[in-house]
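Colleague: I am sharing query-v1.cif, which consists of mmCIF, C-alpha atoms:
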```
data_query
#
loop_
_atom_site.label_atom_id
_atom_site.label_comp_id
_atom_site.auth_asym_id
_atom_site.auth_seq_id
_atom_site.Cartn_x
_atom_site.Cartn_y
_atom_site.Cartn_z
CA ALA E 1 -43.24 6.69 -8.30
CA THR E 2 -46.46 6.82 -10.37
CA PHE E 3 -46.97 8.93 -13.50
CA SER E 4 -50.03 9.66 -15.67
CA LEU E 5 -49.71 9.86 -19.45
CA ALA E 6 -51.98 12.15 -21.41
CA PRO E 7 -54.86 10.27 -23.13
CA LEU E 8 -54.71 9.66 -26.88
CA GLY E 9 -57.80 9.56 -29.07
CA GLY E 10 -60.25 9.48 -26.19
CA LEU E 11 -58.53 6.64 -24.37
CA PRO E 12 -58.46 6.83 -20.55
CA PRO E 13 -55.29 8.13 -18.90
CA LEU E 14 -52.53 5.54 -18.61
CA ARG E 15 -50.92 5.25 -15.20
CA VAL E 16 -47.37 3.93 -15.12
CA ARG E 17 -45.57 2.82 -11.95
CA CYS E 18 -41.77 3.02 -11.98
CA ALA E 19 -39.68 1.11 -9.46
CA PRO E 20 -37.03 3.20 -7.67
CA ALA E 21 -33.57 2.93 -9.19
CA MET E 22 -32.07 1.55 -5.99
CA SER E 23 -34.66 -1.21 -5.89
CA MET E 24 -33.80 -2.21 -9.43
CA LEU E 25 -30.11 -2.23 -8.65
CA GLY E 26 -30.77 -4.17 -5.49
CA GLY E 27 -32.49 -6.84 -7.56
CA LEU E 28 -29.60 -7.01 -10.00
CA PHE E 29 -26.73 -6.89 -7.54
CA GLY E 30 -28.30 -7.95 -4.26
CA SER E 31 -26.43 -10.34 -2.00
CA SER E 32 -26.70 -13.94 -3.14
CA CYS E 33 -24.52 -15.18 -0.29
CA THR E 34 -23.91 -14.98 3.43
CA VAL E 35 -20.61 -15.28 5.28
CA ASP E 36 -19.66 -16.39 8.76
CA ILE E 37 -16.36 -16.78 10.55
CA THR E 38 -15.46 -18.38 13.88
CA LEU E 39 -12.28 -18.79 15.91
CA ASP E 40 -11.05 -22.21 16.96
CA PRO E 41 -9.54 -21.77 20.44
CA GLY E 42 -7.57 -25.01 20.17
CA ASP E 43 -7.98 -25.45 23.92
CA ALA E 44 -11.33 -26.11 25.53
CA ASN E 45 -10.15 -24.18 28.61
CA LYS E 46 -9.01 -21.10 26.71
CA LYS E 47 -9.89 -17.95 28.65
CA THR E 48 -12.13 -15.15 27.42
CA ALA E 49 -12.29 -11.42 28.16
CA ALA E 50 -14.92 -8.71 27.77
CA LEU E 51 -14.47 -6.57 24.66
CA GLY E 52 -15.19 -3.19 26.26
CA ARG E 53 -17.81 -0.89 27.73
CA ASP E 54 -19.30 -0.13 24.31
CA ARG E 55 -19.89 -3.83 23.59
CA LYS E 56 -21.59 -5.04 26.73
CA GLY E 57 -21.93 -8.78 27.11
CA GLU E 58 -19.56 -9.59 24.22
CA LYS E 59 -16.50 -11.69 25.01
CA ALA E 60 -13.50 -12.79 22.99
CA TYR E 61 -10.82 -15.48 23.27
CA ILE E 62 -7.54 -14.27 24.78
CA TYR E 63 -4.37 -14.74 22.70
CA THR E 64 -0.72 -14.00 23.49
CA ASP E 65 2.32 -13.06 21.44
CA GLY E 66 3.55 -15.87 19.19
CA GLU E 67 0.34 -17.90 19.39
CA ASP E 68 -1.42 -19.46 16.40
CA VAL E 69 -4.81 -18.11 15.36
CA MET E 70 -7.06 -20.48 13.44
CA GLY E 71 -10.69 -21.02 12.65
CA THR E 72 -13.38 -21.71 10.10
CA ALA E 73 -15.03 -19.51 7.48
CA VAL E 74 -18.26 -20.35 5.66
CA VAL E 75 -19.58 -18.78 2.48
CA GLY E 76 -23.24 -19.68 2.04
CA VAL E 77 -24.71 -19.55 -1.46
CA LYS E 78 -28.49 -19.50 -1.82
CA PRO E 79 -29.95 -22.56 -3.58
CA GLY E 80 -30.20 -22.08 -7.32
CA LYS E 81 -27.97 -19.00 -7.21
CA LYS E 82 -24.50 -18.39 -8.58
CA LEU E 83 -22.00 -16.23 -6.70
CA GLU E 84 -19.59 -14.42 -8.97
CA HIS E 85 -16.71 -12.87 -7.06
CA GLN E 86 -13.27 -11.35 -7.44
CA GLY E 87 -11.73 -13.42 -4.69
CA ILE E 88 -12.42 -14.53 -1.13
CA LYS E 89 -9.90 -13.70 1.56
CA VAL E 90 -9.40 -13.80 5.32
CA GLU E 91 -7.42 -11.11 7.16
CA LEU E 92 -6.02 -10.75 10.65
CA ILE E 93 -5.98 -7.03 11.42
CA GLY E 94 -4.73 -4.83 14.25
CA GLN E 95 -6.50 -1.49 14.37
CA VAL E 96 -6.49 1.69 16.43
CA ASP E 97 -10.10 2.83 16.45
CA MET E 98 -10.94 6.43 17.38
CA ILE E 99 -14.37 6.11 18.96
CA HIS E 100 -15.56 9.66 18.25
CA ASP E 101 -13.81 10.10 14.90
CA LYS E 102 -13.95 6.98 12.74
CA SER E 103 -12.09 8.74 9.91
CA SER E 104 -8.95 8.83 12.08
CA SER E 105 -8.90 5.07 12.67
CA TYR E 106 -6.04 3.18 11.07
CA ASP E 107 -4.65 -0.34 10.69
CA PHE E 108 -1.19 -0.90 12.17
CA PHE E 109 -1.00 -4.63 11.46
CA ALA E 110 -2.45 -6.93 8.78
CA ILE E 111 -1.94 -10.47 7.46
CA THR E 112 -3.94 -11.75 4.50
CA LYS E 113 -4.66 -15.25 3.22
CA ASP E 114 -6.49 -15.93 -0.06
CA LEU E 115 -9.16 -18.58 0.32
CA GLU E 116 -10.51 -18.54 -3.24
CA PRO E 117 -9.26 -16.98 -6.51
CA PRO E 118 -11.68 -14.91 -8.65
CA GLY E 119 -14.42 -17.08 -10.11
CA SER E 120 -17.88 -18.43 -9.30
CA LEU E 121 -19.41 -20.51 -6.52
CA PHE E 122 -22.53 -22.57 -7.15
CA GLU E 123 -22.91 -23.96 -3.63
CA SER E 124 -21.92 -23.17 -0.06
CA LYS E 125 -18.33 -23.81 0.92
CA GLN E 126 -16.37 -24.09 4.16
CA TYR E 127 -12.74 -23.05 4.61
CA LYS E 128 -10.22 -23.85 7.33
CA TRP E 129 -7.64 -21.11 7.86
CA LYS E 130 -4.64 -20.53 10.12
CA PHE E 131 -2.19 -17.72 10.91
CA GLY E 132 0.89 -19.24 12.54
CA ALA E 133 2.94 -17.69 15.36
CA VAL E 134 1.35 -14.26 15.13
CA ASP E 135 3.41 -11.30 16.33
CA PHE E 136 1.07 -9.68 18.85
CA ALA E 137 3.35 -6.84 19.92
CA ASN E 138 0.51 -4.76 21.39
CA GLU E 139 -2.25 -5.65 23.80
CA THR E 140 -5.90 -4.88 23.20
CA TYR E 141 -7.19 -1.77 24.94
CA SER E 142 -10.57 -0.12 25.33
CA GLY E 143 -10.73 3.47 26.57
CA ILE E 144 -13.04 6.46 26.49
CA ASN E 145 -11.64 8.00 23.31
CA CYS E 146 -9.94 5.13 21.49
CA ARG E 147 -9.43 1.41 21.48
CA LEU E 148 -6.86 -0.99 20.12
CA ARG E 149 -8.43 -4.11 18.68
CA TYR E 150 -7.43 -7.23 16.82
CA PHE E 151 -9.97 -9.02 14.64
CA VAL E 152 -10.28 -11.55 11.83
CA ARG E 153 -12.27 -10.53 8.77
CA ILE E 154 -13.60 -12.60 5.89
CA SER E 155 -14.39 -10.72 2.67
CA VAL E 156 -16.10 -11.78 -0.53
CA ILE E 157 -14.90 -9.26 -3.14
CA ARG E 158 -17.44 -8.27 -5.80
CA ASN E 159 -17.30 -6.04 -8.87
CA TYR E 160 -20.67 -4.31 -9.06
CA ALA E 161 -21.87 -4.53 -5.48
CA SER E 162 -20.49 -3.96 -2.01
CA ASN E 163 -18.25 -6.65 -0.58
CA VAL E 164 -19.79 -9.20 1.79
CA VAL E 165 -17.85 -8.94 5.06
CA LYS E 166 -17.93 -10.48 8.55
CA GLU E 167 -15.58 -9.79 11.47
CA VAL E 168 -14.82 -11.53 14.77
CA ASP E 169 -12.79 -9.87 17.54
CA MET E 170 -10.14 -11.33 19.81
CA ALA E 171 -8.36 -10.10 22.93
CA VAL E 172 -4.57 -9.96 23.29
CA GLN E 173 -2.81 -10.07 26.65
CA ASN E 174 0.93 -10.56 27.07
CA LEU E 175 1.97 -11.75 30.53
CA PHE E 176 5.48 -11.25 31.85
CA PRO E 177 7.15 -12.60 35.02
CA ALA E 178 7.54 -10.27 37.96
CA PRO E 179 10.84 -8.34 37.85
CA GLU E 180 13.64 -9.82 39.94
CA LEU E 181 14.82 -6.36 40.98
CA ASN E 182 12.22 -3.91 42.17
CA ASN E 183 14.01 -1.27 44.18
CA SER E 184 12.39 1.61 45.96
CA LEU E 185 11.95 4.88 44.06
CA LYS E 186 12.57 8.40 45.34
CA MET E 187 11.58 11.60 43.54
CA GLU E 188 12.29 15.22 44.39
CA VAL E 189 10.47 18.19 42.88
CA GLY E 190 10.15 21.83 43.74
CA ILE E 191 11.24 25.41 43.16
CA ASP E 192 14.67 26.64 44.23
CA GLU E 193 14.65 28.27 47.67
CA CYS E 194 10.85 28.22 47.72
CA LEU E 195 9.33 24.76 47.67
CA HIS E 196 10.76 21.28 48.06
CA LEU E 197 8.78 18.05 47.87
CA GLU E 198 9.99 14.50 48.20
CA PHE E 199 8.11 11.38 47.08
CA GLU E 200 9.27 7.94 48.07
CA TYR E 201 7.77 4.67 46.83
CA ASP E 202 8.58 1.25 48.18
CA LYS E 203 8.77 -0.18 44.63
CA SER E 204 9.71 1.18 41.21
CA LYS E 205 7.36 -1.25 39.39
CA TYR E 206 3.78 -2.03 40.35
CA HIS E 207 1.28 -4.64 39.31
CA MET E 208 -2.04 -3.33 37.97
CA LYS E 209 -3.76 -4.96 40.98
CA ASP E 210 -1.59 -3.05 43.49
#
```
Turn this file's structure into structure tokens for me.
Modeller:
Amino acid sequence: ATFSLAPLGGLPPLRVRCAPAMSMLGGLFGSSCTVDITLDPGDANKKTAALGRDRKGEKAYIYTDGEDVMGTAVVGVKPGKKLEHQGIKVELIGQVDMIHDKSSSYDFFAITKDLEPPGSLFESKQYKWKFGAVDFANETYSGINCRLRYFVRISVIRNYASNVVKEVDMAVQNLFPAPELNNSLKMEVGIDECLHLEFEYDKSKYHMKD
């Protein structure tokens, strides 16, 4: 914004330019670092799956119940800068995400590992992290109204500015052997003395490809 001050003693008007408050704060507390996080599949042949219709083209490694999840996190500090923080952590989170109402989303599962205690970083640093034998009780799901997702998040916690955060998704699929007993199933529905319907299926359990 620009303001004009009334002239004094015949002097020409003085024009003063004031920087917006947000720009000043951005200069004081702007991000002096970048973060990145990647998953280490552990197996070069590890399978991947699409993340969902709302994230076309994106794929994630497939994990199963009881499997280790590991990877690398990098905090990049700009040359000549100092990063003051209140801790750096990595989290493995399970979340039910309501697509049309983000306020109703909630975390049903979380594991946290501290990578760095509160302090200062003067140069970029790389961290190896691992969550052992993770209890993946639920599978990932992507529907029209909601989705169930698992992801790993790295966070640089800061006092006077927003945290610096990066997330990477994964897919969870738990495979079970085919049931040994799969008897036929018969159902009867209707209204007394009016309507009677019978449904008979050759199996009581079906594969999703059936």
Colleague: Can you translate the PyMOL selection byres ((chain E and resi 186) around 12) into the concrete residues it hits in this file, as a short mmCIF file (atom, residue, chain, number, x, y, z; two decimals) with C-alpha atoms, keeping the file's coordinate frame?
Modeller:
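After the write, part35.cif holds the following:
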```cif
data_model
loop_
_atom_site.label_atom_id
_atom_site.label_comp_id
_atom_site.auth_asym_id
_atom_site.auth_seq_id
_atom_site.Cartn_x
_atom_site.Cartn_y
_atom_site.Cartn_z
CA ASN E 183 14.01 -1.27 44.18
CA SER E 184 12.39 1.61 45.96
CA LEU E 185 11.95 4.88 44.06
CA MET E 187 11.58 11.60 43.54
CA GLU E 188 12.29 15.22 44.39
CA VAL E 189 10.47 18.19 42.88
CA LEU E 197 8.78 18.05 47.87
CA GLU E 198 9.99 14.50 48.20
CA PHE E 199 8.11 11.38 47.08
CA GLU E 200 9.27 7.94 48.07
CA TYR E 201 7.77 4.67 46.83
CA ASP E 202 8.58 1.25 48.18
CA LYS E 203 8.77 -0.18 44.63
CA SER E 204 9.71 1.18 41.21
#
```
Colleague: Convert the output of the PyMOL selection byres ((chain E and resi 78-87) around 7) on the shown file into explicit residues, formatted as a ChimeraX atom specification.
Modeller: /E:32-33,76-77,88-89,116-122,156-159
Colleague: Here is a test: counting only C-alpha atoms, which residue of E:His196, E:Arg147, E:Arg153, E:Lys205 is nearest to E:Pro179?
Modeller: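 Of E:His196, E:Arg147, E:Arg153, E:Lys205, the one nearest E:Pro179 is E:Lys205, counting only C-alpha atoms.
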Colleague: Could you tell me which residues the PyMOL selection byres ((chain E and resi 69) around 6) grabs in this file, written as a PyMOL selection string?
Modeller: chain E and resi 68+70+130-131
Colleague: Taking only C-alpha atoms into account, which of E:Val74, E:Met170, E:Leu148, E:Cys194 comes nearest E:Ile62?
Modeller: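 With only C-alpha atoms as the atom set, the closest residue is E:Met170.
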Colleague: Can you tell me how far atom CA of E:Asp65 sits from atom CA of E:Glu91, in Å to one decimal?
Modeller: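 These atoms are spaced 17.4 Å apart.
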Colleague: One number please: atom CA of E:Val35 to atom CA of E:Val152, in Å, one decimal.
Modeller: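 Going from atom CA of E:Val35 over to atom CA of E:Val152 covers 12.8 Å.
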Colleague: Using all atoms listed in the file, which of E:Leu181, E:Ile191, E:Ile154, E:Cys146 sits nearest E:Asp97?
Modeller: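 Closest to E:Asp97 of all the choices is E:Cys146.
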Colleague: Could you name the residues that touch E:Asn174 at 8 Å or less, counting all atoms listed in the file, but leaving out those on the same chain fewer than 2 positions away, as a list of chain:residue names?
Modeller: E:Thr64, E:Asp65, E:Glu139, E:Val172, E:Phe176
Colleague: If I take atom CA of E:Gly57 and atom CA of E:Gln173, how far is one from the other in Å, to one decimal?
Modeller: 19.2 Å
Colleague: E:Ala133, E:Ala171, E:Ile144, E:Leu195: which is nearest E:Glu67, counting only C-alpha atoms?
Modeller: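 When distances to E:Glu67 are compared using only C-alpha atoms, the smallest one comes from E:Ala133.
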